[in-house]
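*Asks:* What follows is a structure written as C-alpha cells; I'll ask about it next.
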Amino acid sequence: MNIFFDVDHTLLLNTKDYSVLRPGAHISMQKLSEQGNEVHVWSAGGKTYCQRIVEQHGLSNWVIDCHDKNPKVQPQPDVIIDDDQYLVEKYGGFTVSQYKKINEKDRELLEITEQILQGVLSSSIKKA
Ligand SMILES: [Mg+2]
C-alpha cells in the first residue's frame with residue numbers, strides 16, 4: 001500500500017524556533033516499510049519542504065518519495081495519515097490529533113501503525 005504521511009501537526013511540530021518529531025515517527029515508518037508498504041510524505045508546503053524535513057529528521061531510509069499535496073499525486077495514496085479530517089475522508093486513512101505541543105507520551109502514530117499492520121494481516125489471511 002502507498003501510505004502518505006502529512007508533515008505539519010501530523011509527523012511533527014515545526015515552528016520558527018524548533019522542529020520536533022512526533023513520538024513513534026521513526027518506528028512507524030520502519031515497521032510499515034518492513035511489511036512491504038511504500039511510505040510517502042506530502043505537504044501543502046511543497047516537495048522541497050518535505051524533503052528537507054525528511055532529511056533533517058533522519059527519515060530518508062524509509063521514505064520512498066516526497067510530494068506536494070496535489071490530488072493528482074502519483075502514485076495515488078491508499079492510506080493517508082493526516083490531522084485534516086476532510087482529507088482523510090477524501091482519500092481514506094487515519095486522522096491524528098493536531099500535534100501542536102511537545103508530548104512524549106503521544107502514541108497516535110504507533111497505534112495507527114498497528115491498526116494498518118493488523119489490516120494487512122487480516123486481508124492476507126482472507127486471501128489464503
Ligand atoms: Mg497537517
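To be explicit about the labels: the chains of the C-alpha cells are called A, B, and onward in the order shown, and within each one the residues are counted from 1, while ligands get numbers from 1 in the order they are shown.
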Counting only C-alpha atoms and all ligand atoms, which residues of chain A fall within 8 Å of ligand 1, and what is the closest atom pair for each with its distance in Å at one decimal, ordered by chain and rising number, as JSON lines?

*Replies:*
{"residue": "A:Asp6", "atom": "CA", "partner": "ligand 1", "partner_atom_place_in_ligand_line": "1 (Mg)", "distance": 5.5}
{"residue": "A:Val7", "atom": "CA", "partner": "ligand 1", "partner_atom_place_in_ligand_line": "1 (Mg)", "distance": 5.7}
{"residue": "A:Asp8", "atom": "CA", "partner": "ligand 1", "partner_atom_place_in_ligand_line": "1 (Mg)", "distance": 4.2}
{"residue": "A:His9", "atom": "CA", "partner": "ligand 1", "partner_atom_place_in_ligand_line": "1 (Mg)", "distance": 4.8}
{"residue": "A:Thr10", "atom": "CA", "partner": "ligand 1", "partner_atom_place_in_ligand_line": "1 (Mg)", "distance": 5.4}
{"residue": "A:Ser43", "atom": "CA", "partner": "ligand 1", "partner_atom_place_in_ligand_line": "1 (Mg)", "distance": 7.5}
{"residue": "A:Asp82", "atom": "CA", "partner": "ligand 1", "partner_atom_place_in_ligand_line": "1 (Mg)", "distance": 5.8}
{"residue": "A:Asp83", "atom": "CA", "partner": "ligand 1", "partner_atom_place_in_ligand_line": "1 (Mg)", "distance": 5.0}
{"residue": "A:Asp84", "atom": "CA", "partner": "ligand 1", "partner_atom_place_in_ligand_line": "1 (Mg)", "distance": 6.1}
{"residue": "A:Gln98", "atom": "CA", "partner": "ligand 1", "partner_atom_place_in_ligand_line": "1 (Mg)", "distance": 7.3}

*Asks:* Could the residues in this selection be saved with N, CA and C atoms as an mmCIF file, in the first residue's frame?

*Replies:*
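Result saved to part_12.cif:
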data_model
loop_
_atom_site.group_PDB
_atom_site.id
_atom_site.type_symbol
_atom_site.label_atom_id
_atom_site.label_comp_id
_atom_site.auth_asym_id
_atom_site.auth_seq_id
_atom_site.Cartn_x
_atom_site.Cartn_y
_atom_site.Cartn_z
ATOM 1 N N ASP A 6 1.230 13.169 6.279
ATOM 2 C CA ASP A 6 1.265 14.635 6.272
ATOM 3 C C ASP A 6 2.422 15.089 7.170
ATOM 4 N N VAL A 7 2.899 16.296 6.959
ATOM 5 C CA VAL A 7 4.029 16.815 7.746
ATOM 6 C C VAL A 7 3.533 17.597 8.973
ATOM 7 N N ASP A 8 3.045 18.808 8.742
ATOM 8 C CA ASP A 8 2.782 19.716 9.864
ATOM 9 C C ASP A 8 1.625 19.243 10.743
ATOM 10 N N HIS A 9 1.900 19.129 12.015
ATOM 11 C CA HIS A 9 0.938 18.734 13.046
ATOM 12 C C HIS A 9 0.528 17.263 12.957
ATOM 13 N N THR A 10 1.163 16.528 12.022
ATOM 14 C CA THR A 10 0.957 15.077 11.978
ATOM 15 C C THR A 10 2.272 14.402 12.348
ATOM 16 N N SER A 43 3.046 17.397 1.615
ATOM 17 C CA SER A 43 2.687 18.598 2.362
ATOM 18 C C SER A 43 2.222 19.683 1.418
ATOM 19 N N ASP A 82 -3.193 12.014 8.620
ATOM 20 C CA ASP A 82 -3.267 13.473 8.496
ATOM 21 C C ASP A 82 -4.079 14.046 9.654
ATOM 22 N N ASP A 83 -3.765 15.282 10.027
ATOM 23 C CA ASP A 83 -4.562 15.945 11.060
ATOM 24 C C ASP A 83 -5.791 16.629 10.453
ATOM 25 N N ASP A 84 -5.907 16.583 9.134
ATOM 26 C CA ASP A 84 -7.049 17.202 8.455
ATOM 27 C C ASP A 84 -8.097 16.124 8.143
ATOM 28 N N GLN A 98 -4.058 17.117 16.227
ATOM 29 C CA GLN A 98 -3.013 18.055 15.807
ATOM 30 C C GLN A 98 -1.884 18.064 16.831
#

*Asks:* Which of chain A counts as helix (DSSP H, G or I) under DSSP, as a ChimeraX atom specification please?

*Replies:* /A:25-34,47-56,85-91,108-127

*Asks:* What does the file look like for those residues with C-alpha atoms, as a CSV table (one decimal), in the first residue's frame?

*Replies:*
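Output file again.csv is given in full below:
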chain,number,residue,atom,x,y,z
A,25,ALA,CA,7.5,8.5,13.7
A,26,HIS,CA,10.7,6.5,13.0
A,27,ILE,CA,9.4,3.2,14.3
A,28,SER,CA,6.1,3.7,12.5
A,29,MET,CA,7.7,4.3,9.1
A,30,GLN,CA,10.2,1.5,9.7
A,31,LYS,CA,7.5,-1.1,10.5
A,32,LEU,CA,5.3,0.0,7.6
A,33,SER,CA,8.2,-0.3,5.2
A,34,GLU,CA,9.4,-3.6,6.5
A,47,LYS,CA,8.0,18.7,-2.2
A,48,THR,CA,11.2,20.6,-1.3
A,49,TYR,CA,9.9,21.4,2.2
A,50,CYS,CA,9.0,17.7,2.7
A,51,GLN,CA,12.5,16.6,1.5
A,52,ARG,CA,14.1,19.0,3.9
A,53,ILE,CA,12.1,17.7,6.8
A,54,VAL,CA,12.7,14.1,5.9
A,55,GLU,CA,16.5,14.6,5.8
A,56,GLN,CA,16.6,16.8,8.9
A,85,GLN,CA,-10.2,15.1,8.8
A,86,TYR,CA,-11.6,16.3,5.5
A,87,LEU,CA,-8.6,14.9,3.6
A,88,VAL,CA,-8.8,11.6,5.5
A,89,GLU,CA,-12.5,11.3,4.5
A,90,LYS,CA,-11.5,12.1,0.9
A,91,TYR,CA,-8.6,9.7,0.5
A,108,GLU,CA,-1.0,8.0,17.9
A,109,LEU,CA,1.4,7.2,15.1
A,110,LEU,CA,2.3,3.8,16.8
A,111,GLU,CA,-1.4,3.0,17.3
A,112,ILE,CA,-2.3,3.8,13.7
A,113,THR,CA,0.7,1.7,12.5
A,114,GLU,CA,-0.6,-1.3,14.5
A,115,GLN,CA,-4.1,-0.9,13.0
A,116,ILE,CA,-2.7,-0.7,9.5
A,117,LEU,CA,-0.5,-3.8,10.0
A,118,GLN,CA,-3.4,-5.7,11.5
A,119,GLY,CA,-5.5,-4.8,8.5
A,120,VAL,CA,-2.7,-6.1,6.2
A,121,LEU,CA,-2.5,-9.3,8.2
A,122,SER,CA,-6.3,-9.9,8.2
A,123,SER,CA,-6.6,-9.3,4.4
A,124,SER,CA,-3.7,-11.7,3.7
A,125,ILE,CA,-5.4,-14.3,5.9
A,126,LYS,CA,-8.6,-13.9,4.0
A,127,LYS,CA,-6.9,-14.4,0.6

*Asks:* Pick out the closest residue to Ala44 of chain A from this set: A:Ser60, A:Thr95, A:Gln76, A:Asn70. Count only C-alpha atoms.

*Replies:*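 The answer is A:Asn70, which sits nearest to Ala44 of chain A.
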
*Asks:* Which residues, written as a PyMOL selection string, have at least one atom at most 10 Å from Leu13 of chain A, with only C-alpha atoms counted and residues fewer than 5 positions away on the same chain left out?

*Replies:* chain A and resi 7-8+18-22+98-102

*Asks:* So the first atom is atom CA of Lys105 of chain A and the second is atom CA of Lys69 of chain A; what is the distance between them in Å, to one decimal place?

*Replies:*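 Between atom CA of Lys105 of chain A and atom CA of Lys69 of chain A the gap works out to 28.6 Å.
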
*Asks:* Quick check, in Å to one decimal: how far apart do atom CA of Trp62 of chain A and atom CA of Phe4 of chain A lie?

*Replies:*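 Those two atoms sit 11.9 Å apart.
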
*Asks:* Apply DSSP to the structure's backbone, then extract all residues of chain A labelled strand (DSSP E) and return them as a ChimeraX atom specification.

*Replies:* /A:2-6,12-14,19-21,38-43,63-68,79-82,93-95

*Asks:* Using only C-alpha atoms for the distances, tell me which of A:Arg107, A:Pro77, A:Lys72, A:Asp65 is nearest to Leu11 of chain A.

*Replies:*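 Distance minimum relative to Leu11 of chain A lands on A:Arg107.
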
*Asks:* Using Å and a single decimal, report how far atom CA of Gly45 of chain A sits from atom CA of Asn14 of chain A.

*Replies:*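 Calculated distance between atom CA of Asn14 of chain A and atom CA of Gly45 of chain A is 11.8 Å.
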